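Below is model_26.cif, holding mmCIF, C-alpha atoms.
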data_query
#
loop_
_atom_site.label_atom_id
_atom_site.label_comp_id
_atom_site.auth_asym_id
_atom_site.auth_seq_id
_atom_site.Cartn_x
_atom_site.Cartn_y
_atom_site.Cartn_z
CA MET A 26 13.18 -1.52 31.69
CA ILE A 27 15.79 -0.34 29.21
CA SER A 28 19.36 0.30 30.28
CA MET A 29 21.19 3.61 30.04
CA PRO A 30 22.53 4.97 27.80
CA PRO A 31 19.66 3.94 25.49
CA SER A 32 20.57 1.89 22.44
CA GLU A 33 19.73 3.16 18.97
CA ARG A 34 16.78 0.79 18.93
CA ASP A 35 15.47 2.30 22.14
CA LEU A 36 15.72 5.72 20.57
CA HIS A 37 13.70 4.58 17.56
CA ALA A 38 11.15 2.99 19.85
CA TYR A 39 10.99 6.33 21.67
CA VAL A 40 10.31 8.16 18.41
CA ASP A 41 7.61 5.63 17.55
CA HIS A 42 5.88 5.83 20.94
CA GLN A 43 6.57 2.18 21.57
CA LEU A 44 8.22 2.50 24.97
CA SER A 45 6.50 2.06 28.30
CA ASP A 46 5.87 5.26 30.27
CA ASP A 47 8.80 4.53 32.58
CA ASP A 48 11.23 3.90 29.73
CA ARG A 49 9.97 6.97 28.00
CA ARG A 50 10.78 9.11 30.99
CA LEU A 51 14.23 7.56 31.23
CA VAL A 52 14.97 8.40 27.61
CA GLU A 53 13.68 11.95 28.02
CA THR A 54 15.96 12.51 30.99
CA PHE A 55 18.88 11.13 29.03
CA LEU A 56 18.14 13.30 25.99
CA ALA A 57 17.93 16.43 28.12
CA SER A 58 21.61 16.12 28.95
CA ASN A 59 22.84 14.79 25.57
CA PRO A 60 22.21 17.53 23.01
CA GLU A 61 23.86 15.71 20.11
CA ILE A 62 21.75 12.57 20.39
CA SER A 63 18.77 14.72 21.18
CA ALA A 64 19.22 16.56 17.88
CA GLN A 65 19.39 13.23 16.03
CA VAL A 66 16.17 12.07 17.65
CA ARG A 67 14.48 15.37 16.86
CA ALA A 68 15.49 15.03 13.21
CA TRP A 69 13.85 11.59 13.07
CA GLN A 70 10.74 12.99 14.69
CA GLN A 71 10.64 15.84 12.21
CA ASP A 72 11.05 13.47 9.28
CA ALA A 73 8.16 11.40 10.58
CA GLN A 74 5.99 14.48 11.03
CA GLN A 75 6.81 15.74 7.57
CA LEU A 76 6.08 12.35 6.11
CA ARG A 77 2.69 12.26 7.85
CA ALA A 78 1.94 15.75 6.56
CA ALA A 79 3.12 14.94 3.05
CA LEU A 80 1.10 11.75 2.86
CA GLY A 81 -1.93 13.22 4.59
CA GLY A 82 -3.33 14.51 1.33
CA ALA A 83 -3.43 11.00 -0.07
CA LEU A 84 -6.23 10.20 2.38
CA GLN A 85 -8.41 12.96 0.96
CA ARG A 86 -8.74 11.58 -2.55
CA PRO A 87 -12.35 11.29 -3.71
CA ALA A 88 -13.75 7.82 -3.13
CA ASN A 89 -13.50 5.37 -5.98
CA PRO A 90 -16.86 3.57 -6.27
CA GLU A 91 -15.10 0.58 -7.84
CA LEU A 92 -13.51 -0.11 -4.47
CA ASP A 93 -16.70 -0.32 -2.46
CA PRO A 94 -16.70 -3.62 -0.52
CA ALA A 95 -20.36 -4.36 -1.25
CA LEU A 96 -19.73 -3.98 -4.97
CA ILE A 97 -16.61 -6.13 -4.84
CA ARG A 98 -18.55 -8.77 -2.94
CA GLN A 99 -21.21 -8.84 -5.65
CA ARG A 100 -18.58 -9.02 -8.33
CA LEU A 101 -16.82 -11.89 -6.60
CA LYS A 102 -20.07 -13.79 -6.45
CA ARG A 103 -20.83 -13.18 -10.08
CA GLN A 104 -17.39 -13.84 -11.40
CA SER A 105 -15.74 -16.70 -9.63
CA ARG A 106 -14.40 -17.49 -13.06
CA ARG A 107 -12.74 -14.16 -13.51
CA HIS A 108 -9.44 -15.17 -11.98
CA LEU A 109 -7.49 -14.43 -15.10
CA ALA A 110 -8.95 -11.01 -15.49
CA SER A 111 -8.19 -9.97 -11.94
CA ALA A 112 -4.67 -11.31 -12.30
CA ALA A 113 -4.33 -9.05 -15.31
CA MET A 114 -5.72 -6.15 -13.29
CA LEU A 115 -3.18 -6.77 -10.62
CA LEU A 116 -0.32 -7.02 -13.04
CA ILE A 117 -1.30 -3.73 -14.52
CA ALA A 118 -1.04 -2.36 -11.03
CA VAL A 119 2.68 -2.44 -11.35
CA SER A 120 3.61 0.30 -13.68
CA ILE A 121 7.33 0.60 -14.17
CA GLY A 122 7.80 3.39 -16.62
CA GLY A 123 7.29 2.10 -20.10
CA LEU A 124 7.96 -1.49 -19.24
CA SER A 125 4.79 -2.81 -17.75
CA GLY A 126 3.54 -5.50 -20.03
CA TRP A 127 4.03 -8.79 -18.32
CA GLN A 128 0.30 -9.34 -18.07
CA ALA A 129 0.22 -10.19 -21.74
CA ARG A 130 1.88 -13.44 -20.76
CA GLU A 131 -1.11 -14.22 -18.59
CA MET A 132 -3.47 -13.12 -21.31
CA THR A 133 -2.01 -15.65 -23.67
CA LEU A 134 -2.39 -18.58 -21.31
CA VAL A 135 -5.83 -19.01 -22.83
CA SER A 136 -4.75 -18.25 -26.33
CA THR A 137 -4.17 -21.63 -27.88
CA GLN A 138 -7.71 -22.30 -29.09
CA ALA A 139 -8.04 -19.74 -31.87
CA PRO A 140 -5.38 -18.01 -33.93
CA MET A 141 -4.04 -14.73 -32.59
CA THR A 142 -6.36 -14.54 -29.62
CA ASP A 143 -3.59 -12.65 -27.88
CA ALA A 144 -3.82 -9.93 -30.55
CA ILE A 145 -7.51 -9.53 -29.82
CA GLN A 146 -6.96 -9.48 -26.08
CA ALA A 147 -4.22 -6.92 -26.49
CA TYR A 148 -6.62 -4.77 -28.52
CA ARG A 149 -9.21 -4.99 -25.74
CA LEU A 150 -6.72 -4.10 -23.03
CA ILE A 151 -4.88 -1.38 -24.84
CA ALA A 152 -7.06 0.16 -27.52
CA GLN A 153 -10.49 -0.27 -25.91
CA GLN A 154 -9.88 -0.14 -22.18
CA GLY A 155 -6.77 2.02 -22.31
CA MET A 156 -5.28 -0.07 -19.53
CA LEU A 157 -1.67 -0.04 -20.57
CA PRO A 158 0.34 3.05 -21.36
CA ALA A 159 2.09 3.22 -24.70
CA ASP A 160 5.81 2.53 -24.87
CA TYR A 161 6.16 4.72 -27.89
CA LYS A 162 4.07 7.57 -29.21
CA VAL A 163 4.35 9.16 -32.60
CA SER A 164 5.17 12.79 -32.24
CA ASP A 165 5.21 15.10 -35.25
CA ASP A 166 8.38 13.67 -36.67
CA GLY A 167 7.96 10.24 -35.10
CA ASP A 168 8.84 7.10 -36.96
CA MET A 169 6.69 4.17 -35.95
CA GLN A 170 8.32 1.87 -38.47
CA GLY A 171 11.73 2.71 -37.05
CA TRP A 172 10.50 1.93 -33.56
CA LEU A 173 9.11 -1.41 -34.68
CA ASP A 174 12.28 -2.26 -36.60
CA ARG A 175 14.28 -1.96 -33.42
CA TYR A 176 12.47 -5.02 -32.12
CA PHE A 177 11.32 -6.97 -35.16
CA THR A 178 13.96 -6.97 -37.83
CA LYS A 179 12.82 -7.67 -41.34
CA ALA A 180 9.20 -8.05 -40.33
CA ASN A 181 6.48 -7.07 -42.75
CA ARG A 182 6.18 -3.33 -43.16
CA LEU A 183 3.44 -1.52 -41.28
CA PRO A 184 0.51 -1.30 -43.63
CA ASP A 185 -0.22 2.12 -45.02
CA LEU A 186 -3.80 2.89 -44.10
CA SER A 187 -3.56 6.62 -44.69
CA GLY A 188 -5.91 6.28 -47.67
CA ALA A 189 -8.63 5.43 -45.15
CA GLY A 190 -7.51 8.19 -42.81
CA PHE A 191 -5.71 5.93 -40.33
CA LYS A 192 -2.28 6.78 -39.00
CA PRO A 193 -0.09 4.90 -36.51
CA VAL A 194 -0.19 6.75 -33.20
CA SER A 195 1.32 4.55 -30.52
CA GLY A 196 3.20 1.33 -29.95
CA ARG A 197 3.39 -1.06 -27.07
CA LEU A 198 5.64 -4.03 -26.37
CA LEU A 199 4.15 -7.10 -24.79
CA SER A 200 5.41 -10.38 -23.52
CA THR A 201 3.54 -13.47 -24.65
CA GLU A 202 3.92 -17.22 -24.36
CA GLN A 203 5.15 -17.25 -27.95
CA GLY A 204 7.69 -14.53 -27.34
CA PRO A 205 7.87 -10.77 -27.38
CA ALA A 206 5.07 -9.05 -29.26
CA ALA A 207 4.35 -5.53 -30.34
CA MET A 208 1.09 -3.79 -31.02
CA VAL A 209 0.80 -0.61 -33.02
CA VAL A 210 -2.42 1.35 -32.73
CA TYR A 211 -3.71 3.30 -35.73
CA GLU A 212 -6.28 6.00 -35.31
CA ASP A 213 -8.36 8.05 -37.67
CA PRO A 214 -9.39 11.66 -36.97
CA THR A 215 -12.66 10.49 -35.42
CA GLY A 216 -10.90 8.23 -32.94
CA HIS A 217 -11.58 4.83 -34.52
CA LYS A 218 -8.81 2.39 -33.79
CA ILE A 219 -7.14 -0.45 -35.65
CA SER A 220 -4.25 -2.44 -34.30
CA PHE A 221 -1.33 -4.07 -36.06
CA TYR A 222 0.06 -6.92 -33.97
CA VAL A 223 3.27 -8.83 -34.59
CA ARG A 224 4.97 -11.63 -32.69
CA PRO A 225 7.11 -14.71 -33.32
CA PRO A 226 5.24 -17.87 -34.32
CA GLY A 227 6.24 -19.50 -31.02
CA PRO A 228 8.39 -22.53 -30.19
CA ARG A 229 6.34 -24.78 -32.44
CA ASN A 230 6.77 -22.38 -35.32
CA TYR A 231 3.06 -22.23 -35.79
CA LEU A 232 2.54 -20.29 -39.02
CA LEU A 233 -0.87 -19.15 -40.09
CA PRO A 234 -2.66 -19.33 -43.40
CA ARG A 235 -4.21 -15.98 -44.18
CA GLY A 236 -7.54 -15.85 -42.43
CA SER A 237 -10.11 -13.81 -40.66
CA ARG A 238 -12.29 -14.38 -37.67
CA SER A 239 -14.62 -12.59 -35.29
CA ASP A 240 -14.45 -12.60 -31.54
CA GLY A 241 -17.27 -10.78 -29.82
CA ASP A 242 -17.39 -7.27 -31.14
CA LEU A 243 -13.95 -7.53 -32.72
CA GLN A 244 -12.57 -9.03 -35.88
CA ALA A 245 -9.04 -10.11 -36.65
CA GLU A 246 -7.30 -10.51 -39.98
CA TYR A 247 -4.25 -12.68 -39.57
CA TRP A 248 -1.39 -14.03 -41.61
CA SER A 249 2.28 -15.03 -41.41
CA GLY A 250 5.32 -13.69 -43.17
CA ALA A 251 9.03 -13.03 -42.80
CA GLY A 252 9.20 -15.29 -39.77
CA TYR A 253 6.44 -13.66 -37.74
CA ASN A 254 2.73 -13.94 -37.21
CA TYR A 255 0.58 -10.87 -37.66
CA ALA A 256 -2.92 -9.73 -36.94
CA MET A 257 -4.90 -6.63 -37.57
CA VAL A 258 -7.75 -6.13 -35.16
CA SER A 259 -10.64 -3.74 -35.41
CA PRO A 260 -14.26 -3.54 -34.29
CA SER A 261 -16.40 -5.66 -36.59
CA ASP A 262 -19.51 -4.38 -38.33
CA THR A 263 -18.04 -0.95 -38.80
CA PRO A 264 -16.82 0.75 -41.95
CA THR A 265 -13.33 0.30 -40.55
CA GLY A 266 -13.75 -3.44 -40.29
CA GLN A 267 -15.17 -3.62 -43.80
CA MET A 268 -12.26 -1.62 -45.08
CA LEU A 269 -9.77 -4.01 -43.49
CA LYS A 270 -11.51 -7.04 -44.92
CA GLN A 271 -11.35 -5.56 -48.37
CA THR A 272 -7.73 -4.59 -48.11
CA ALA A 273 -6.10 -7.51 -49.77
CA GLN A 274 -2.50 -6.69 -49.05
CA PHE A 275 -0.96 -5.20 -46.01
CA MET B 21 -39.89 -24.09 12.70
CA PRO B 22 -36.84 -24.35 10.47
CA GLY B 23 -38.07 -21.51 8.27
CA VAL B 24 -37.79 -19.02 11.08
CA PHE B 25 -34.27 -20.06 11.89
CA LEU B 26 -33.31 -19.79 8.28
CA VAL B 27 -34.60 -16.23 8.03
CA HIS B 28 -32.86 -15.36 11.23
CA SER B 29 -29.49 -16.66 10.08
CA VAL B 30 -29.73 -14.88 6.72
CA VAL B 31 -30.42 -11.61 8.49
CA THR B 32 -27.51 -12.15 10.87
CA SER B 33 -25.07 -12.90 8.11
CA GLN B 34 -26.31 -9.86 6.20
CA ASN B 35 -25.66 -7.69 9.25
CA PHE B 36 -22.29 -9.29 9.72
CA MET B 37 -21.30 -8.47 6.17
CA ASN B 38 -22.56 -4.90 6.46
CA ASP B 39 -20.45 -4.58 9.56
CA ILE B 40 -17.37 -5.87 7.78
CA ASP B 41 -18.00 -3.58 4.82
CA GLU B 42 -18.29 -0.61 7.16
CA GLN B 43 -14.93 -1.44 8.73
CA LEU B 44 -13.38 -1.88 5.29
CA ARG B 45 -14.72 1.45 4.05
CA GLU B 46 -12.91 3.18 6.88
CA ILE B 47 -9.63 1.53 5.99
CA ILE B 48 -9.82 1.87 2.19
CA PRO B 49 -8.38 5.43 2.08
CA ARG B 50 -5.37 4.09 4.01
CA LEU B 51 -4.99 1.16 1.67
CA ARG B 52 -5.12 3.50 -1.30
CA ARG B 53 -2.47 5.70 0.23
CA PHE B 54 -0.23 2.73 0.93
CA ALA B 55 -0.76 1.44 -2.62
CA VAL B 56 0.18 4.83 -4.09
CA SER B 57 3.36 4.86 -2.05
CA LEU B 58 4.24 1.45 -3.49
CA THR B 59 3.20 1.92 -7.11
CA ARG B 60 3.72 5.70 -7.34
CA ASN B 61 0.74 5.79 -9.65
CA PRO B 62 -2.81 6.51 -8.41
CA SER B 63 -4.72 4.45 -10.95
CA SER B 64 -2.41 1.46 -10.69
CA ALA B 65 -2.73 1.86 -6.95
CA ASP B 66 -6.50 1.50 -7.11
CA ASP B 67 -6.17 -1.65 -9.19
CA LEU B 68 -3.88 -3.01 -6.53
CA VAL B 69 -6.34 -2.07 -3.77
CA GLN B 70 -9.17 -3.69 -5.67
CA ALA B 71 -7.24 -6.91 -6.17
CA SER B 72 -6.33 -6.90 -2.48
CA LEU B 73 -9.92 -6.35 -1.35
CA GLU B 74 -11.01 -9.20 -3.61
CA ARG B 75 -8.39 -11.40 -2.02
CA ALA B 76 -9.37 -10.32 1.48
CA LEU B 77 -13.10 -10.81 0.97
CA SER B 78 -12.73 -14.19 -0.66
CA SER B 79 -10.47 -15.56 2.07
CA TRP B 80 -12.18 -13.77 4.93
CA SER B 81 -13.67 -16.73 6.74
CA ASP B 82 -10.58 -18.96 6.86
CA LYS B 83 -7.66 -16.51 6.81
CA ARG B 84 -8.68 -13.46 8.74
CA PRO B 85 -6.60 -13.33 11.96
CA ASP B 86 -7.92 -11.86 15.20
CA GLY B 87 -5.48 -8.97 15.24
CA ASP B 88 -5.66 -5.55 13.66
CA LEU B 89 -7.71 -5.62 10.46
CA ARG B 90 -5.64 -2.83 8.97
CA ALA B 91 -2.38 -4.73 9.47
CA TRP B 92 -3.87 -7.82 7.83
CA LEU B 93 -5.02 -5.82 4.79
CA PHE B 94 -1.66 -4.06 4.54
CA SER B 95 0.03 -7.42 4.47
CA ILE B 96 -2.25 -8.74 1.71
CA LEU B 97 -1.68 -5.64 -0.38
CA TYR B 98 2.07 -5.70 0.19
CA ARG B 99 2.36 -9.32 -0.90
CA GLN B 100 0.23 -8.76 -3.97
CA PHE B 101 2.44 -5.84 -4.89
CA LEU B 102 5.64 -7.83 -4.44
CA ASP B 103 4.30 -10.71 -6.54
CA ALA B 104 3.30 -8.42 -9.36
CA HIS B 105 6.54 -6.51 -9.07
CA ARG B 106 8.56 -9.68 -9.38
CA ARG B 107 6.67 -10.62 -12.52
CA SER B 108 7.20 -7.22 -14.06
CA ARG B 109 10.89 -7.32 -13.24
CA ARG B 110 11.11 -10.59 -15.09
CA TYR B 111 9.42 -8.89 -17.97
CA ALA B 112 11.82 -5.96 -17.80
CA ARG B 113 14.79 -8.32 -17.87
CA MET B 114 13.33 -10.17 -20.81
CA LEU B 115 12.85 -6.93 -22.65
CA GLU B 116 16.34 -5.80 -21.85
CA PHE B 117 17.73 -9.00 -23.26
CA PHE B 118 15.50 -8.64 -26.26
CA THR B 119 16.29 -5.02 -27.02
CA GLY B 120 19.88 -5.05 -25.87
CA ARG B 121 19.44 -1.94 -23.81
CA ASP B 122 19.10 -1.37 -20.15
CA ASP B 123 16.24 0.90 -19.23
CA SER B 124 16.90 0.47 -15.56
CA GLN B 125 19.92 2.74 -15.59
CA PRO B 126 19.40 5.63 -13.23
CA SER B 127 18.17 8.63 -15.15
CA ALA B 128 19.25 12.13 -14.34
CA GLU B 129 15.89 12.58 -12.73
CA ARG B 130 16.49 9.78 -10.29
CA THR B 131 19.79 11.10 -9.08
CA VAL B 132 18.71 14.63 -8.43
CA ILE B 133 18.88 15.98 -4.96
CA ALA B 134 15.77 15.22 -3.02
CA GLN B 135 14.14 18.53 -2.27
CA SER B 136 11.36 17.40 -0.02
CA THR B 137 10.59 14.62 2.39
CA LEU B 138 8.19 13.15 -0.13
CA GLN B 139 10.81 13.11 -2.88
CA ALA B 140 13.27 11.53 -0.49
CA PHE B 141 10.66 8.98 0.52
CA ASP B 142 9.99 8.13 -3.12
CA GLN B 143 13.62 7.20 -3.60
CA LEU B 144 13.69 4.63 -0.84
CA SER B 145 13.36 0.93 -1.57
CA THR B 146 9.93 -0.67 -1.56
CA GLU B 147 10.43 -2.22 1.85
CA GLN B 148 11.76 0.97 3.35
CA ARG B 149 8.77 2.92 2.09
CA ALA B 150 6.42 0.30 3.48
CA LEU B 151 8.21 0.26 6.85
CA LEU B 152 8.15 4.03 7.30
CA LEU B 153 4.54 4.25 6.23
CA TRP B 154 3.47 1.48 8.60
CA VAL B 155 5.42 2.74 11.59
CA SER B 156 5.74 6.51 11.23
CA VAL B 157 2.52 7.27 9.40
CA GLU B 158 0.08 4.51 10.33
CA GLY B 159 1.49 3.85 13.79
CA LEU B 160 1.55 0.06 13.57
CA THR B 161 3.52 -1.63 16.35
CA TYR B 162 6.86 -3.28 15.63
CA LYS B 163 5.20 -6.58 16.40
CA GLU B 164 2.49 -6.06 13.80
CA VAL B 165 5.09 -5.08 11.20
CA ALA B 166 7.18 -8.13 12.11
CA GLU B 167 4.15 -10.33 11.46
CA ILE B 168 3.48 -8.72 8.09
CA LEU B 169 7.07 -9.21 6.96
CA GLY B 170 7.50 -12.56 8.65
CA VAL B 171 10.73 -11.51 10.41
CA PRO B 172 11.68 -11.07 14.10
CA THR B 173 10.92 -7.76 15.79
CA GLY B 174 14.64 -7.05 16.14
CA THR B 175 15.03 -7.28 12.37
CA VAL B 176 12.18 -4.83 11.89
CA MET B 177 13.93 -2.40 14.22
CA SER B 178 17.28 -2.56 12.46
CA ARG B 179 15.66 -2.22 9.02
CA LEU B 180 13.61 0.68 10.29
CA SER B 181 16.75 2.31 11.60
CA ARG B 182 18.38 1.98 8.17
CA ALA B 183 15.27 3.32 6.45
CA ARG B 184 15.22 6.35 8.72
CA GLN B 185 18.88 6.99 8.16
CA ALA B 186 18.39 6.76 4.40
CA LEU B 187 15.45 9.14 4.52
CA ARG B 188 17.49 11.53 6.65
CA GLU B 189 20.41 11.54 4.23
CA LEU B 190 18.15 12.03 1.23
CA SER B 191 16.20 14.82 2.91
CA ASP B 192 19.44 16.50 3.87
CA GLY B 193 20.07 16.92 0.18
CA GLU B 194 22.76 14.36 -0.31
CA ILE B 195 23.03 12.98 -3.80
CA THR B 196 21.30 9.64 -4.11
CA ARG B 197 23.70 6.83 -3.69
CA PRO B 198 23.40 3.95 -6.10
CA SER B 199 22.28 1.61 -3.34
CA LEU B 200 19.36 3.87 -2.63
CA ARG B 201 18.40 4.27 -6.22
CA ARG B 202 14.79 3.74 -6.99
CA LEU B 203 14.29 0.04 -7.57
CA LYS B 204 12.51 -0.99 -10.69
#
Take the structure from the file and write it as structure tokens.
Amino acid sequence: MISMPPSERDLHAYVDHQLSDDDRRLVETFLASNPEISAQVRAWQQDAQQLRAALGGALQRPANPELDPALIRQRLKRQSRRHLASAAMLLIAVSIGGLSGWQAREMTLVSTQAPMTDAIQAYRLIAQQGMLPADYKVSDDGDMQGWLDRYFTKANRLPDLSGAGFKPVSGRLLSTEQGPAAMVVYEDPTGHKISFYVRPPGPRNYLLPRGSRSDGDLQAEYWSGAGYNYAMVSPSDTPTGQMLKQTAQF
Amino acid sequence: MPGVFLVHSVVTSQNFMNDIDEQLREIIPRLRRFAVSLTRNPSSADDLVQASLERALSSWSDKRPDGDLRAWLFSILYRQFLDAHRRSRRYARMLEFFTGRDDSQPSAERTVIAQSTLQAFDQLSTEQRALLLWVSVEGLTYKEVAEILGVPTGTVMSRLSRARQALRELSDGEITRPSLRRLK
């Protein structure tokens, strides 16, 4: 049994239907003769009602088949090894304006085997799967080089691929084990994508001889210069990939 | 005949899982709504729900408490969100250090007068949004909320009271105070 006059907690419990029937009646009697407190309680009730109404629509969204328990169960069975990927998924879940790139740190936990694996993973996440929003987009008068220079002073210039029809369209900052990285996506009019990736060589100052390698359906050209490591990633076995391979200088 | 028993137990466990999946399907729209209220972004929200369902299904047998299934799933999702949020805040701080600018300053947009309950709600802190959704919208008991947050029931009540007061002030059209500013 609550005591009279009701405490603020009792009033909240009243609003939330968490009082026993007897206590509820007590509070109602009290409110009937205390208009000021009664108005306060009514305001809380109205806020709660409005919140329920406002959030009601969120229950009506069309089902997302990806979230079906049976499917998730199957996936779990198949991919007990996919811990890293689901960690990345989860990290992407937190979108804080333009600053949501911490997952790249996780991506690079597996990146020590082959050079610039993080560049390839970033390409998959950003250019292929579109999972991360861009931090910077080139508008009509946009200056991608200027954007990049804010973060990587004196780094190699962005390569000019306009001869092949590719223009820089968006940039994204990432956090990696080796330090902050940036990826610039180039696109041609038909939607083919090439990425330019730059980051510090890491604590061990691991500089790269110029090289090239394939990873699945992607290929990376990589090199070092001006204190950073670079990679350009594109789908292999495409005219774009061939073009990159033949471009001697970036 | 061991074979018969084997068949029987496979069928039972299949039914059991179908039953669980049915219960989950009913709750998923609520999880998605909760995730949207935390992330403020529908597609991020679904990623969060998916990660939470994976977590729930893989720890079902040893972790699932007897109580309300919804409350248990809310608590998994909330913790996953907080973990990811902490990581991204670290990232934001790193970036701030790196770029020498502070993107977490309140923008004009964030200090506008809240014109609707939903806008007011969106300006509350993560925990306040979660509390109001659990109690006012989902109707969880104070005890269930206390278990999710790992705090005494009395603490839930005083935090709820503050959340309500904050929502009230914001809905009344008061300018957002810095302490109520959207947390990044």
Picked residues, the PyMOL selection byres ((chain A and resi 49) around 10), as a list in words: Met26, Ile27, Asp35, Leu36, Ala38, Tyr39, Val40, His42, Gln43, Leu44, Ser45, Asp46, Asp47, Asp48, Arg50, Leu51, Val52, Glu53, Thr54 and Phe55 of chain A
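Each of B:Arg184, B:Arg99, B:Arg149, B:Lys163 was checked against chain A using only C-alpha atoms; the smallest atom-to-atom distance is that of B:Arg184.
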Ground truth for the PyMOL selection byres ((chain A and resi 93-99) around 12), written as a PyMOL selection string: (chain A and resi 88-92+100-105+111) or (chain B and resi 34+37-49+66+69-80)
Residue selection dump (C-alpha atoms) as a PDB file, keeping the file's coordinate frame:
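After the write, part_25.pdb holds the following:
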ATOM      1  CA  ALA A  88     -13.750   7.820  -3.130  1.00  0.00           C
ATOM      2  CA  ASN A  89     -13.500   5.370  -5.980  1.00  0.00           C
ATOM      3  CA  PRO A  90     -16.860   3.570  -6.270  1.00  0.00           C
ATOM      4  CA  GLU A  91     -15.100   0.580  -7.840  1.00  0.00           C
ATOM      5  CA  LEU A  92     -13.510  -0.110  -4.470  1.00  0.00           C
ATOM      6  CA  ARG A 100     -18.580  -9.020  -8.330  1.00  0.00           C
ATOM      7  CA  LEU A 101     -16.820 -11.890  -6.600  1.00  0.00           C
ATOM      8  CA  LYS A 102     -20.070 -13.790  -6.450  1.00  0.00           C
ATOM      9  CA  ARG A 103     -20.830 -13.180 -10.080  1.00  0.00           C
ATOM     10  CA  GLN A 104     -17.390 -13.840 -11.400  1.00  0.00           C
ATOM     11  CA  SER A 105     -15.740 -16.700  -9.630  1.00  0.00           C
ATOM     12  CA  SER A 111      -8.190  -9.970 -11.940  1.00  0.00           C
TER      13      SER A 111
ATOM     14  CA  GLN B  34     -26.310  -9.860   6.200  1.00  0.00           C
ATOM     15  CA  MET B  37     -21.300  -8.470   6.170  1.00  0.00           C
ATOM     16  CA  ASN B  38     -22.560  -4.900   6.460  1.00  0.00           C
ATOM     17  CA  ASP B  39     -20.450  -4.580   9.560  1.00  0.00           C
ATOM     18  CA  ILE B  40     -17.370  -5.870   7.780  1.00  0.00           C
ATOM     19  CA  ASP B  41     -18.000  -3.580   4.820  1.00  0.00           C
ATOM     20  CA  GLU B  42     -18.290  -0.610   7.160  1.00  0.00           C
ATOM     21  CA  GLN B  43     -14.930  -1.440   8.730  1.00  0.00           C
ATOM     22  CA  LEU B  44     -13.380  -1.880   5.290  1.00  0.00           C
ATOM     23  CA  ARG B  45     -14.720   1.450   4.050  1.00  0.00           C
ATOM     24  CA  GLU B  46     -12.910   3.180   6.880  1.00  0.00           C
ATOM     25  CA  ILE B  47      -9.630   1.530   5.990  1.00  0.00           C
ATOM     26  CA  ILE B  48      -9.820   1.870   2.190  1.00  0.00           C
ATOM     27  CA  PRO B  49      -8.380   5.430   2.080  1.00  0.00           C
ATOM     28  CA  ASP B  66      -6.500   1.500  -7.110  1.00  0.00           C
ATOM     29  CA  VAL B  69      -6.340  -2.070  -3.770  1.00  0.00           C
ATOM     30  CA  GLN B  70      -9.170  -3.690  -5.670  1.00  0.00           C
ATOM     31  CA  ALA B  71      -7.240  -6.910  -6.170  1.00  0.00           C
ATOM     32  CA  SER B  72      -6.330  -6.900  -2.480  1.00  0.00           C
ATOM     33  CA  LEU B  73      -9.920  -6.350  -1.350  1.00  0.00           C
ATOM     34  CA  GLU B  74     -11.010  -9.200  -3.610  1.00  0.00           C
ATOM     35  CA  ARG B  75      -8.390 -11.400  -2.020  1.00  0.00           C
ATOM     36  CA  ALA B  76      -9.370 -10.320   1.480  1.00  0.00           C
ATOM     37  CA  LEU B  77     -13.100 -10.810   0.970  1.00  0.00           C
ATOM     38  CA  SER B  78     -12.730 -14.190  -0.660  1.00  0.00           C
ATOM     39  CA  SER B  79     -10.470 -15.560   2.070  1.00  0.00           C
ATOM     40  CA  TRP B  80     -12.180 -13.770   4.930  1.00  0.00           C
TER      41      TRP B  80
END
Chain A contacts on chain B, all atoms listed in the file, 6 Å, as a list in words: Asp41, Pro49, Arg53, Ser64, Asp67, Leu68, Gln70, Ala104, Ser108, Tyr111, Ser156 and Val157 of chain B
Given the PyMOL selection byres ((chain B and resi 178-180) around 10), the residues it picks as a ChimeraX atom specification: /A:33-34,37 /B:147-152,155-156,162,173-177,181-186
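If you look at CA of Gly188 (chain A) and CA of Val209 (chain A), they are 17.5 Å away from each other.
If you count all atoms listed in the file and ignore residues fewer than 2 places along the chain from Tyr247 (chain A), what sits within 6 Å of it is Arg235, Gly236, Tyr255 and Ala256 of chain A.
Excluding Tyr253 (chain A) itself and same-chain residues fewer than 5 positions from it, the residues having an atom within 12 Å of it are Met141, Tyr176, Phe177, Thr178, Lys179, Ala180, Asn181, Arg182, Gln203, Gly204, Pro205, Ala206, Ala207, Tyr222, Val223, Arg224, Pro225, Pro226, Gly227, Pro228, Asn230, Tyr231, Leu232, Leu233, Tyr247 and Trp248 of chain A, counting all atoms listed in the file.
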The selected residues should be written to file as a short mmCIF file (atom, residue, chain, number, x, y, z; two decimals), keeping the file's coordinate frame (atoms: C-alpha atoms).
data_model
loop_
_atom_site.label_atom_id
_atom_site.label_comp_id
_atom_site.auth_asym_id
_atom_site.auth_seq_id
_atom_site.Cartn_x
_atom_site.Cartn_y
_atom_site.Cartn_z
CA MET A 141 -4.04 -14.73 -32.59
CA TYR A 176 12.47 -5.02 -32.12
CA PHE A 177 11.32 -6.97 -35.16
CA THR A 178 13.96 -6.97 -37.83
CA LYS A 179 12.82 -7.67 -41.34
CA ALA A 180 9.20 -8.05 -40.33
CA ASN A 181 6.48 -7.07 -42.75
CA ARG A 182 6.18 -3.33 -43.16
CA GLN A 203 5.15 -17.25 -27.95
CA GLY A 204 7.69 -14.53 -27.34
CA PRO A 205 7.87 -10.77 -27.38
CA ALA A 206 5.07 -9.05 -29.26
CA ALA A 207 4.35 -5.53 -30.34
CA TYR A 222 0.06 -6.92 -33.97
CA VAL A 223 3.27 -8.83 -34.59
CA ARG A 224 4.97 -11.63 -32.69
CA PRO A 225 7.11 -14.71 -33.32
CA PRO A 226 5.24 -17.87 -34.32
CA GLY A 227 6.24 -19.50 -31.02
CA PRO A 228 8.39 -22.53 -30.19
CA ASN A 230 6.77 -22.38 -35.32
CA TYR A 231 3.06 -22.23 -35.79
CA LEU A 232 2.54 -20.29 -39.02
CA LEU A 233 -0.87 -19.15 -40.09
CA TYR A 247 -4.25 -12.68 -39.57
CA TRP A 248 -1.39 -14.03 -41.61
#
